[in-house]
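Everything below concerns the one structure shown next.
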Amino acid sequence: MIPAAFEYHVPTSIAEATALLTRLGDDAKVVSGGQSLIPLMKLRLATPRHLVDINRIPGLAYIRQADGVLQIGALARESDLEDSDLIGTRYPILADTSRVIADPLVRNLATVCGNLAHADPANDHPATMLALGAEVVAAGPNGERRIPVRSLFTGPFTTTLAPDEIIVEIRVPAPPARSGGAYLKLERKVGDFATAAVAAQLTLGPDGACQRAGIGLTNVGATPIEAGRAERFLAGKRPDDAVIRQAAELAAEESQPTSDLRGPAEYKRDLVRVLAARAIRRALERAGGGR
Amino acid sequence: MRVEVTINRERYASDVEPRLLLVHLIRDVLRLTGTHIGCDTTHCGACTVLLDGRPVKSCTVFAVQAHGRELMTVEGLEQDGNLHPVQEGFMQEHGLQCGYCTPGMLMTSYAFLRKAKDPTEDEIRLAISGNLCRCTGYVNIVKAIQHAAARLRQGGT
């Protein structure tokens, strides 16, 4: 499969990249890992006339925590999350997520920021970033601005990013003590997108009640879904079995699945219910110090 | 556009269209045909090569993106007439049937065993989960990688 012809641009700074995007307009696409974009180009579902490859811009391949914020740079690969001790020990929900994205070879190139920018409702990181209350830093011709992930997605493959903006960093507020999260996904076979998946991130107070809950849903709507009713229901409550079951029911109600080759909508909604309860339970175990 | 790459420690230079995929540069332009094209849709892993030491699917990278980078293909495994332990493992344990997926399997296994010295069966199965084989059912492939791991622990290269 041969993609349509395009012009290839290799900027060496963010300023150069955004200036290129401003000049080239809608005909340009940014490529970082390329593991979603290049298959689309081979199928000619995408035929950009210009590719702006940001891989030669130095200093963007970081995963670090500073000033109480986890910062993931635009060229951090999914496999970098898997290999990171910081992610493994402090952000198990992100380790869960990167491990179930596509397959190990794809993850060696695929980037976390690209996973968000591509805005496929089937992508996995949007749900975990919603659960974590993350924001992205978008660089454009007039400098940088921050966008909460919850207001990033407007529809399938569409975001509030301007055509000449690039996500240069994801920022996750470091969870306080007694926090835990988990991401659970059902896929038909290795490398497939989720039939459904649920991200849960909880913080417990000294009394064992839920201080904060974040719940994100994957591939059960036109965009990644933040299950706000389930989150608000959990807040302030001690998460016993009945409370977990009720929160999972609410998350299932908030999902908007459609029937397709992965299953009928009713099945997917029930899957959200089951996965949500399991994700909340695992998040609780981890908040209590378990793995 | 000019693309200069190092493959298996040899320098190659070519003028290519930006839309040329890396796997086509390797096979059709540079005539290193050990790397296979399987599904062409980023699923099967037959086209796996190492890009700066990491296994990637070369049907999903543009050749121009590899400019100035270092590649390793299946032709780079054997040294001075001696099979690499992963190649020997696949031969000894019959880790192949039709052999089509084998170049990709070998490259993924080679990179994996540089990090994992004494992997469990589960770790091996996860490591090769992006490489599909439709003949052997993976049992002998796992044995082949275990064989190679043991050889490497004994000081193979």
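Identifiers for the structure tokens are assigned positionally: chains receive A, B, ... in sequence, residues are indexed from 1 per chain, and ligands are indexed from 1 in the order shown.
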Just want the 10 Å neighbourhood of Ile38 (chain A), counted on only C-alpha atoms, with same-chain residues fewer than 2 positions away dropped. Output as a PyMOL selection string.
(chain A and resi 3+31+33-36+40-47) or (chain B and resi 19+21+41-42+59-62)
List every residue of region 41-88 of chain A that DSSP, applied to the backbone, labels as strand (DSSP E), and write the result as a ChimeraX atom specification.
/A:50-53,63-66,69-73
Using only C-alpha atoms, determine which residues lie at most 12 Å from Leu20 (chain A), disregarding the query and same-chain residues fewer than 3 positions distant; provide the list as an MDAnalysis selection string.
chainID A and resid 7:17 23:30 50:54 140:141 163:166
Counting only C-alpha atoms, which residues of chain A come no farther than 6 Å from chain B, as a PyMOL selection string?
chain A and resi 5+38+103-105
Within 6 Å of Val69 (chain A) using only C-alpha atoms, minus same-chain residues under 3 positions, as a PyMOL selection string
chain A and resi 65-66+172-174
For the residues selected in the previous step, produce a file with C-alpha atoms as a tab-separated table (two decimals), in the first residue's frame.
chain	number	residue	atom	x	y	z
A	65	GLN	CA	8.06	14.84	37.84
A	66	ALA	CA	8.70	18.41	38.94
A	172	VAL	CA	-0.66	15.29	35.33
A	173	PRO	CA	-1.06	16.61	38.87
A	174	ALA	CA	0.82	14.20	41.15
Smallest atom-to-atom distance to Asn123 (chain A): which of A:Ala74, A:Leu275, A:Leu21, A:Ala194, using only C-alpha atoms?
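Result for the nearest residue to Asn123 (chain A): A:Ala194.
The coordinates place CA of Cys101 (chain B) at 21.6 Å from CA of Ala63 (chain B).
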Could you name the residues that touch region 82-95 of chain B at 10 Å or less, counting only C-alpha atoms, but leaving out those on the same chain fewer than 4 positions away, as a PDB file with N, CA and C atoms, in the first residue's frame?
ATOM      1  N   VAL B  74      17.687  -8.640   9.580  1.00  0.00           N
ATOM      2  CA  VAL B  74      18.010 -10.041   9.867  1.00  0.00           C
ATOM      3  C   VAL B  74      19.358 -10.438   9.272  1.00  0.00           C
ATOM      4  N   GLY B  76      21.952  -8.907   9.574  1.00  0.00           N
ATOM      5  CA  GLY B  76      23.022  -8.498  10.476  1.00  0.00           C
ATOM      6  C   GLY B  76      23.228  -9.431  11.661  1.00  0.00           C
ATOM      7  N   LEU B  77      22.408 -10.477  11.773  1.00  0.00           N
ATOM      8  CA  LEU B  77      22.514 -11.346  12.953  1.00  0.00           C
ATOM      9  C   LEU B  77      23.713 -12.288  12.873  1.00  0.00           C
ATOM     10  N   GLU B  78      23.865 -12.946  11.764  1.00  0.00           N
ATOM     11  CA  GLU B  78      24.949 -13.910  11.602  1.00  0.00           C
ATOM     12  C   GLU B  78      26.286 -13.161  11.510  1.00  0.00           C
ATOM     13  N   GLY B  99       8.262 -20.148   7.734  1.00  0.00           N
ATOM     14  CA  GLY B  99       9.416 -19.268   7.838  1.00  0.00           C
ATOM     15  C   GLY B  99       9.162 -17.818   7.466  1.00  0.00           C
ATOM     16  N   THR B 102       9.602 -15.401  10.309  1.00  0.00           N
ATOM     17  CA  THR B 102      10.821 -15.614  11.095  1.00  0.00           C
ATOM     18  C   THR B 102      11.757 -14.399  11.158  1.00  0.00           C
ATOM     19  N   PRO B 103      12.004 -13.684  10.062  1.00  0.00           N
ATOM     20  CA  PRO B 103      12.911 -12.534  10.198  1.00  0.00           C
ATOM     21  C   PRO B 103      12.442 -11.542  11.270  1.00  0.00           C
ATOM     22  N   MET B 105      10.376 -12.191  13.808  1.00  0.00           N
ATOM     23  CA  MET B 105      10.495 -12.868  15.111  1.00  0.00           C
ATOM     24  C   MET B 105      11.929 -12.782  15.632  1.00  0.00           C
ATOM     25  N   LEU B 106      12.877 -13.021  14.744  1.00  0.00           N
ATOM     26  CA  LEU B 106      14.287 -13.008  15.152  1.00  0.00           C
ATOM     27  C   LEU B 106      14.699 -11.620  15.640  1.00  0.00           C
ATOM     28  N   MET B 107      14.262 -10.576  14.931  1.00  0.00           N
ATOM     29  CA  MET B 107      14.676  -9.227  15.315  1.00  0.00           C
ATOM     30  C   MET B 107      14.062  -8.818  16.646  1.00  0.00           C
ATOM     31  N   SER B 109      13.091 -10.899  18.999  1.00  0.00           N
ATOM     32  CA  SER B 109      13.706 -11.736  20.040  1.00  0.00           C
ATOM     33  C   SER B 109      15.106 -11.226  20.376  1.00  0.00           C
ATOM     34  N   TYR B 110      15.863 -10.857  19.347  1.00  0.00           N
ATOM     35  CA  TYR B 110      17.223 -10.346  19.551  1.00  0.00           C
ATOM     36  C   TYR B 110      17.186  -9.116  20.462  1.00  0.00           C
ATOM     37  N   LEU B 113      16.079 -10.050  24.116  1.00  0.00           N
ATOM     38  CA  LEU B 113      17.064 -10.774  24.931  1.00  0.00           C
ATOM     39  C   LEU B 113      18.258  -9.897  25.314  1.00  0.00           C
ATOM     40  N   CYS B 135       1.558 -20.495  11.549  1.00  0.00           N
ATOM     41  CA  CYS B 135       1.823 -21.927  11.375  1.00  0.00           C
ATOM     42  C   CYS B 135       2.024 -22.671  12.680  1.00  0.00           C
ATOM     43  N   THR B 136       2.977 -22.193  13.526  1.00  0.00           N
ATOM     44  CA  THR B 136       3.453 -23.091  14.587  1.00  0.00           C
ATOM     45  C   THR B 136       2.675 -22.984  15.876  1.00  0.00           C
ATOM     46  N   GLY B 137       1.934 -21.913  16.083  1.00  0.00           N
ATOM     47  CA  GLY B 137       1.201 -21.788  17.335  1.00  0.00           C
ATOM     48  C   GLY B 137       2.066 -21.342  18.490  1.00  0.00           C
ATOM     49  N   TYR B 138       3.268 -20.877  18.239  1.00  0.00           N
ATOM     50  CA  TYR B 138       4.133 -20.187  19.206  1.00  0.00           C
ATOM     51  C   TYR B 138       4.863 -21.097  20.200  1.00  0.00           C
ATOM     52  N   VAL B 139       4.423 -22.354  20.360  1.00  0.00           N
ATOM     53  CA  VAL B 139       5.062 -23.198  21.376  1.00  0.00           C
ATOM     54  C   VAL B 139       6.553 -23.347  21.079  1.00  0.00           C
ATOM     55  N   ASN B 140       6.863 -23.697  19.849  1.00  0.00           N
ATOM     56  CA  ASN B 140       8.279 -23.891  19.519  1.00  0.00           C
ATOM     57  C   ASN B 140       9.028 -22.562  19.425  1.00  0.00           C
ATOM     58  N   ILE B 141       8.305 -21.508  19.098  1.00  0.00           N
ATOM     59  CA  ILE B 141       8.955 -20.196  19.061  1.00  0.00           C
ATOM     60  C   ILE B 141       9.401 -19.807  20.473  1.00  0.00           C
ATOM     61  N   VAL B 142       8.525 -20.055  21.446  1.00  0.00           N
ATOM     62  CA  VAL B 142       8.888 -19.753  22.840  1.00  0.00           C
ATOM     63  C   VAL B 142      10.092 -20.600  23.253  1.00  0.00           C
ATOM     64  N   LYS B 143      10.073 -21.874  22.877  1.00  0.00           N
ATOM     65  CA  LYS B 143      11.221 -22.743  23.210  1.00  0.00           C
ATOM     66  C   LYS B 143      12.507 -22.230  22.549  1.00  0.00           C
ATOM     67  N   ALA B 144      12.370 -21.759  21.331  1.00  0.00           N
ATOM     68  CA  ALA B 144      13.537 -21.248  20.607  1.00  0.00           C
ATOM     69  C   ALA B 144      14.145 -20.057  21.334  1.00  0.00           C
ATOM     70  N   ILE B 145      13.274 -19.183  21.841  1.00  0.00           N
ATOM     71  CA  ILE B 145      13.773 -17.988  22.533  1.00  0.00           C
ATOM     72  C   ILE B 145      14.381 -18.384  23.880  1.00  0.00           C
ATOM     73  N   GLN B 146      13.776 -19.382  24.536  1.00  0.00           N
ATOM     74  CA  GLN B 146      14.369 -19.878  25.791  1.00  0.00           C
ATOM     75  C   GLN B 146      15.758 -20.473  25.516  1.00  0.00           C
ATOM     76  N   HIS B 147      15.857 -21.224  24.448  1.00  0.00           N
ATOM     77  CA  HIS B 147      17.148 -21.807  24.039  1.00  0.00           C
ATOM     78  C   HIS B 147      18.184 -20.700  23.838  1.00  0.00           C
ATOM     79  N   ALA B 148      17.764 -19.655  23.105  1.00  0.00           N
ATOM     80  CA  ALA B 148      18.686 -18.543  22.830  1.00  0.00           C
ATOM     81  C   ALA B 148      19.083 -17.832  24.117  1.00  0.00           C
ATOM     82  N   ALA B 149      18.118 -17.656  25.023  1.00  0.00           N
ATOM     83  CA  ALA B 149      18.420 -16.975  26.288  1.00  0.00           C
ATOM     84  C   ALA B 149      19.463 -17.761  27.074  1.00  0.00           C
ATOM     85  N   ALA B 150      19.292 -19.077  27.097  1.00  0.00           N
ATOM     86  CA  ALA B 150      20.244 -19.924  27.833  1.00  0.00           C
ATOM     87  C   ALA B 150      21.642 -19.821  27.204  1.00  0.00           C
ATOM     88  N   ARG B 151      21.686 -19.877  25.882  1.00  0.00           N
ATOM     89  CA  ARG B 151      22.975 -19.748  25.181  1.00  0.00           C
ATOM     90  C   ARG B 151      23.642 -18.397  25.488  1.00  0.00           C
ATOM     91  N   LEU B 152      22.826 -17.349  25.490  1.00  0.00           N
ATOM     92  CA  LEU B 152      23.383 -16.014  25.732  1.00  0.00           C
ATOM     93  C   LEU B 152      23.895 -15.886  27.163  1.00  0.00           C
ATOM     94  N   GLY B 156      27.259 -16.569  24.893  1.00  0.00           N
ATOM     95  CA  GLY B 156      27.141 -16.373  23.449  1.00  0.00           C
ATOM     96  C   GLY B 156      27.005 -14.894  23.134  1.00  0.00           C
ATOM     97  N   THR B 157      27.124 -14.562  21.878  1.00  0.00           N
ATOM     98  CA  THR B 157      27.018 -13.135  21.530  1.00  0.00           C
ATOM     99  C   THR B 157      25.804 -12.858  20.672  1.00  0.00           C
TER     100      THR B 157
END
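Distances from A:Ile170, A:Gly143, A:Ala209, A:Val136 to Ala61 (chain A) were compared using only C-alpha atoms, and the smallest one belongs to A:Ile170.
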To one decimal place in Å, what is the distance between CA of Lys185 (chain A) and CA of Asp270 (chain A)?
13.3 Å
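The nearest approach to Lys189 (chain A) among the residues A:Ala102, A:Gly59, A:Arg107, A:Ala138, with only C-alpha atoms taken into account, belongs to A:Ala102.
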Choose the residue, out of B:Leu71, B:Ile124, B:Cys133, B:Ile37, that has the smallest atom-to-atom separation from Val23 (chain B); count only C-alpha atoms.
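The shortest atom-to-atom distance to Val23 (chain B) comes from B:Ile37.
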Taking the DSSP assignment computed from this structure's backbone, write out as a VMD selection string all residues of chain B that belong to alpha helix (DSSP H).
chain B and resid 22 to 24 85 to 92 102 to 115 121 to 127 139 to 153
Please identify all polymer residues within 8 Å of Ala13 (chain B), counting only C-alpha atoms, omitting same-chain residues fewer than 6 positions from it, and present them as a list in words.
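With the cut-off at 8 Å, the set is Arg2, Val3, Glu4 and Val5 of chain B.
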Report as a list in words all protein, DNA and RNA residues lying within 8 Å of Gly53 (chain B), evaluated on only C-alpha atoms, omitting residues in the same chain fewer than 5 positions from it.
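In the requested format, the answer is Glu70, Leu71, Met72 and Ala111 of chain B.
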Could you take the residues named above and write them with all heavy atoms, as a compact mmCIF listing (two decimals), in the first residue's frame?
# COMPACT_ATOMS: atom_id res chain seq x y z
N GLU B 70 20.45 4.44 12.61
CA GLU B 70 21.09 3.14 12.50
C GLU B 70 20.05 2.03 12.47
O GLU B 70 19.16 1.98 13.34
CB GLU B 70 22.05 2.93 13.67
CG GLU B 70 22.97 1.77 13.45
CD GLU B 70 24.15 1.78 14.40
OE1 GLU B 70 24.73 2.87 14.64
OE2 GLU B 70 24.47 0.71 14.92
N LEU B 71 20.16 1.16 11.48
CA LEU B 71 19.22 0.06 11.35
C LEU B 71 19.94 -1.27 11.48
O LEU B 71 21.13 -1.38 11.17
CB LEU B 71 18.54 0.11 9.97
CG LEU B 71 17.66 1.32 9.69
CD1 LEU B 71 17.38 1.43 8.20
CD2 LEU B 71 16.34 1.20 10.46
N MET B 72 19.18 -2.27 11.93
CA MET B 72 19.70 -3.63 11.87
C MET B 72 18.60 -4.51 11.29
O MET B 72 17.44 -4.40 11.69
CB MET B 72 20.09 -4.11 13.27
CG MET B 72 20.67 -5.51 13.27
SD MET B 72 21.30 -5.90 14.92
CE MET B 72 21.68 -7.63 14.69
N ALA B 111 16.30 -8.16 20.15
CA ALA B 111 16.23 -6.94 20.96
C ALA B 111 15.74 -7.25 22.37
O ALA B 111 16.24 -6.71 23.36
CB ALA B 111 15.30 -5.93 20.29
Report, in Å to a single decimal, how far apart CA of Glu123 (chain B) and CA of Gly38 (chain B) are.
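CA of Glu123 (chain B) lies at a distance of 24.3 Å from CA of Gly38 (chain B).
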